[in-house]
Amino acid sequence: MTTAEISTETAAGLANEFYARVDAGDIDGLVSMFADDAEYHRPGYPPVLGQSGMDHFYRYERVIAGGAHTLDGVAVTGNEVAVRGSFAGTKRDGSVAQHRFAEFFTLGTDGRFARRETFFSAPLV
């Protein structure tokens, strides 16, 4: 499958499926949505590389224990998917996690995510 064969609806559906898997704690499922050599760029962390890096991040590094994403908008242009939304949940230390976010995904030729970049809405100082 080439990126030209991925419809807007399919690309938006992949984004929705991704957040559903994250919120359900389906680490194996969400990791499988990424290409073997995918890159994930997230503030405060070094780049997360490949499926093994994604697996390690979600099992051991992510500070979130659980919660729910609410998507306010998903926009698709070619093989790029932009998402805007909010998250409410708890951190592993029991404290509240609540923030707005924007994420950008790039789909690879096989229909899996090749790149993900996250931005958070948080006070700087």
# chains A, B, ... in the order shown; residues from 1 in each chain; ligands from 1
>>> residues_around(residues="region 73-85 of chain A", least_positions_apart="5", cutoff="9 Å", atoms="only C-alpha atoms", output="number ranges by chain")
A: 3-4, 6-9, 11-12, 15-16, 99-109, 111
>>> closest_residue(among="A:Ser86, A:Tyr58, A:Leu71, A:Gln51", to="Gly13 (chain A)", atoms="only C-alpha atoms")
A:Leu71
>>> closest_residue(among="A:Asp72, A:Asp23, A:Asp55, A:Asp93", to="Tyr40 (chain A)", atoms="only C-alpha atoms")
A:Asp55
>>> atom_distance(atom1="CA of Arg42 (chain A)", atom2="CA of Thr118 (chain A)")
5.1 Å
>>> closest_residue(among="A:Met54, A:Ala65, A:Ala38, A:Ala97", to="Asp110 (chain A)", atoms="only C-alpha atoms")
A:Ala38
>>> select_by_dssp(residues="chain A", states="alpha helix (DSSP H)", output="ChimeraX atom specification")
/A:8-24,27-31,50-56
>>> write_last_selection(atoms="N, CA, C and O atoms", output="JSON list (two decimals), in the first residue's frame")
[["chain", "number", "residue", "atom", "x", "y", "z"],
["A", 8, "THR", "N", -8.34, 9.69, 3.54],
["A", 8, "THR", "CA", -8.43, 10.59, 4.68],
["A", 8, "THR", "C", -9.13, 9.90, 5.83],
["A", 8, "THR", "O", -8.70, 9.98, 6.99],
["A", 9, "GLU", "N", -10.21, 9.17, 5.52],
["A", 9, "GLU", "CA", -10.97, 8.49, 6.56],
["A", 9, "GLU", "C", -10.12, 7.40, 7.24],
["A", 9, "GLU", "O", -10.18, 7.23, 8.45],
["A", 10, "THR", "N", -9.35, 6.67, 6.45],
["A", 10, "THR", "CA", -8.50, 5.63, 7.01],
["A", 10, "THR", "C", -7.42, 6.22, 7.89],
["A", 10, "THR", "O", -7.17, 5.74, 9.00],
["A", 11, "ALA", "N", -6.79, 7.31, 7.44],
["A", 11, "ALA", "CA", -5.74, 7.95, 8.22],
["A", 11, "ALA", "C", -6.30, 8.50, 9.53],
["A", 11, "ALA", "O", -5.70, 8.32, 10.60],
["A", 12, "ALA", "N", -7.46, 9.14, 9.47],
["A", 12, "ALA", "CA", -8.09, 9.66, 10.70],
["A", 12, "ALA", "C", -8.47, 8.51, 11.61],
["A", 12, "ALA", "O", -8.34, 8.60, 12.84],
["A", 13, "GLY", "N", -8.94, 7.41, 11.03],
["A", 13, "GLY", "CA", -9.30, 6.23, 11.81],
["A", 13, "GLY", "C", -8.10, 5.64, 12.54],
["A", 13, "GLY", "O", -8.23, 5.17, 13.68],
["A", 14, "LEU", "N", -6.93, 5.67, 11.89],
["A", 14, "LEU", "CA", -5.71, 5.17, 12.54],
["A", 14, "LEU", "C", -5.38, 6.01, 13.78],
["A", 14, "LEU", "O", -4.98, 5.48, 14.81],
["A", 15, "ALA", "N", -5.53, 7.33, 13.67],
["A", 15, "ALA", "CA", -5.27, 8.19, 14.82],
["A", 15, "ALA", "C", -6.23, 7.86, 15.96],
["A", 15, "ALA", "O", -5.80, 7.70, 17.11],
["A", 16, "ASN", "N", -7.50, 7.74, 15.65],
["A", 16, "ASN", "CA", -8.49, 7.40, 16.68],
["A", 16, "ASN", "C", -8.19, 6.03, 17.31],
["A", 16, "ASN", "O", -8.29, 5.85, 18.52],
["A", 17, "GLU", "N", -7.82, 5.07, 16.48],
["A", 17, "GLU", "CA", -7.48, 3.73, 16.97],
["A", 17, "GLU", "C", -6.27, 3.78, 17.90],
["A", 17, "GLU", "O", -6.23, 3.12, 18.93],
["A", 18, "PHE", "N", -5.28, 4.61, 17.53],
["A", 18, "PHE", "CA", -4.08, 4.73, 18.34],
["A", 18, "PHE", "C", -4.43, 5.18, 19.77],
["A", 18, "PHE", "O", -4.02, 4.57, 20.75],
["A", 19, "TYR", "N", -5.20, 6.26, 19.89],
["A", 19, "TYR", "CA", -5.54, 6.77, 21.22],
["A", 19, "TYR", "C", -6.41, 5.79, 21.99],
["A", 19, "TYR", "O", -6.28, 5.67, 23.22],
["A", 20, "ALA", "N", -7.28, 5.07, 21.31],
["A", 20, "ALA", "CA", -8.10, 4.05, 21.98],
["A", 20, "ALA", "C", -7.19, 2.97, 22.57],
["A", 20, "ALA", "O", -7.42, 2.50, 23.69],
["A", 21, "ARG", "N", -6.16, 2.57, 21.82],
["A", 21, "ARG", "CA", -5.23, 1.55, 22.32],
["A", 21, "ARG", "C", -4.41, 2.08, 23.49],
["A", 21, "ARG", "O", -4.16, 1.36, 24.46],
["A", 22, "VAL", "N", -3.97, 3.34, 23.41],
["A", 22, "VAL", "CA", -3.22, 3.93, 24.52],
["A", 22, "VAL", "C", -4.08, 3.93, 25.77],
["A", 22, "VAL", "O", -3.66, 3.48, 26.84],
["A", 23, "ASP", "N", -5.30, 4.43, 25.64],
["A", 23, "ASP", "CA", -6.19, 4.54, 26.80],
["A", 23, "ASP", "C", -6.57, 3.17, 27.37],
["A", 23, "ASP", "O", -6.79, 3.05, 28.57],
["A", 24, "ALA", "N", -6.60, 2.14, 26.53],
["A", 24, "ALA", "CA", -6.93, 0.79, 27.00],
["A", 24, "ALA", "C", -5.72, 0.07, 27.58],
["A", 24, "ALA", "O", -5.85, -1.03, 28.12],
["A", 27, "ILE", "N", -0.50, -2.02, 24.94],
["A", 27, "ILE", "CA", 0.85, -1.65, 24.49],
["A", 27, "ILE", "C", 1.25, -2.43, 23.25],
["A", 27, "ILE", "O", 1.77, -1.86, 22.28],
["A", 28, "ASP", "N", 1.01, -3.73, 23.23],
["A", 28, "ASP", "CA", 1.36, -4.52, 22.04],
["A", 28, "ASP", "C", 0.64, -3.99, 20.81],
["A", 28, "ASP", "O", 1.24, -3.87, 19.73],
["A", 29, "GLY", "N", -0.63, -3.66, 20.96],
["A", 29, "GLY", "CA", -1.41, -3.16, 19.84],
["A", 29, "GLY", "C", -0.95, -1.81, 19.35],
["A", 29, "GLY", "O", -0.83, -1.58, 18.15],
["A", 30, "LEU", "N", -0.66, -0.90, 20.27],
["A", 30, "LEU", "CA", -0.23, 0.43, 19.83],
["A", 30, "LEU", "C", 1.16, 0.39, 19.22],
["A", 30, "LEU", "O", 1.43, 1.07, 18.24],
["A", 31, "VAL", "N", 2.04, -0.44, 19.76],
["A", 31, "VAL", "CA", 3.38, -0.57, 19.21],
["A", 31, "VAL", "C", 3.32, -1.11, 17.77],
["A", 31, "VAL", "O", 4.07, -0.67, 16.90],
["A", 50, "GLY", "N", 12.14, 3.17, 16.95],
["A", 50, "GLY", "CA", 11.73, 1.81, 16.60],
["A", 50, "GLY", "C", 10.65, 1.25, 17.50],
["A", 50, "GLY", "O", 10.28, 1.83, 18.52],
["A", 51, "GLN", "N", 10.15, 0.10, 17.11],
["A", 51, "GLN", "CA", 9.12, -0.56, 17.90],
["A", 51, "GLN", "C", 9.63, -0.94, 19.28],
["A", 51, "GLN", "O", 8.90, -0.82, 20.27],
["A", 52, "SER", "N", 10.88, -1.36, 19.37],
["A", 52, "SER", "CA", 11.41, -1.73, 20.69],
["A", 52, "SER", "C", 11.49, -0.51, 21.60],
["A", 52, "SER", "O", 11.21, -0.60, 22.80],
["A", 53, "GLY", "N", 11.83, 0.64, 21.04],
["A", 53, "GLY", "CA", 11.86, 1.87, 21.83],
["A", 53, "GLY", "C", 10.48, 2.28, 22.28],
["A", 53, "GLY", "O", 10.29, 2.72, 23.42],
["A", 54, "MET", "N", 9.48, 2.13, 21.39],
["A", 54, "MET", "CA", 8.09, 2.46, 21.75],
["A", 54, "MET", "C", 7.61, 1.55, 22.88],
["A", 54, "MET", "O", 6.99, 2.00, 23.84],
["A", 55, "ASP", "N", 7.91, 0.27, 22.75],
["A", 55, "ASP", "CA", 7.50, -0.69, 23.76],
["A", 55, "ASP", "C", 8.12, -0.32, 25.12],
["A", 55, "ASP", "O", 7.43, -0.29, 26.14],
["A", 56, "HIS", "N", 9.40, -0.04, 25.12],
["A", 56, "HIS", "CA", 10.10, 0.31, 26.36],
["A", 56, "HIS", "C", 9.52, 1.60, 26.95],
["A", 56, "HIS", "O", 9.29, 1.68, 28.16]]
>>> atom_distance(atom1="CA of Tyr45 (chain A)", atom2="CA of Glu117 (chain A)")
11.5 Å
>>> residues_around(residues="Gly66 (chain A)", least_positions_apart="4", cutoff="8 Å", atoms="only C-alpha atoms", output="VMD selection string")
chain A and resid 23 25 89 to 91
>>> select_by_dssp(residues="region 28-119 of chain A", states="strand (DSSP E)", output="number ranges by chain")
A: 34-41, 48-49, 64-77, 80-91, 96-107, 113-119
>>> closest_residue(among="A:Phe120, A:Thr70, A:Arg62, A:Val48", to="Asp36 (chain A)", atoms="only C-alpha atoms")
A:Val48
>>> closest_residue(among="A:Leu49, A:Ala122, A:Ala35, A:Ile64", to="Val96 (chain A)", atoms="only C-alpha atoms")
A:Ile64
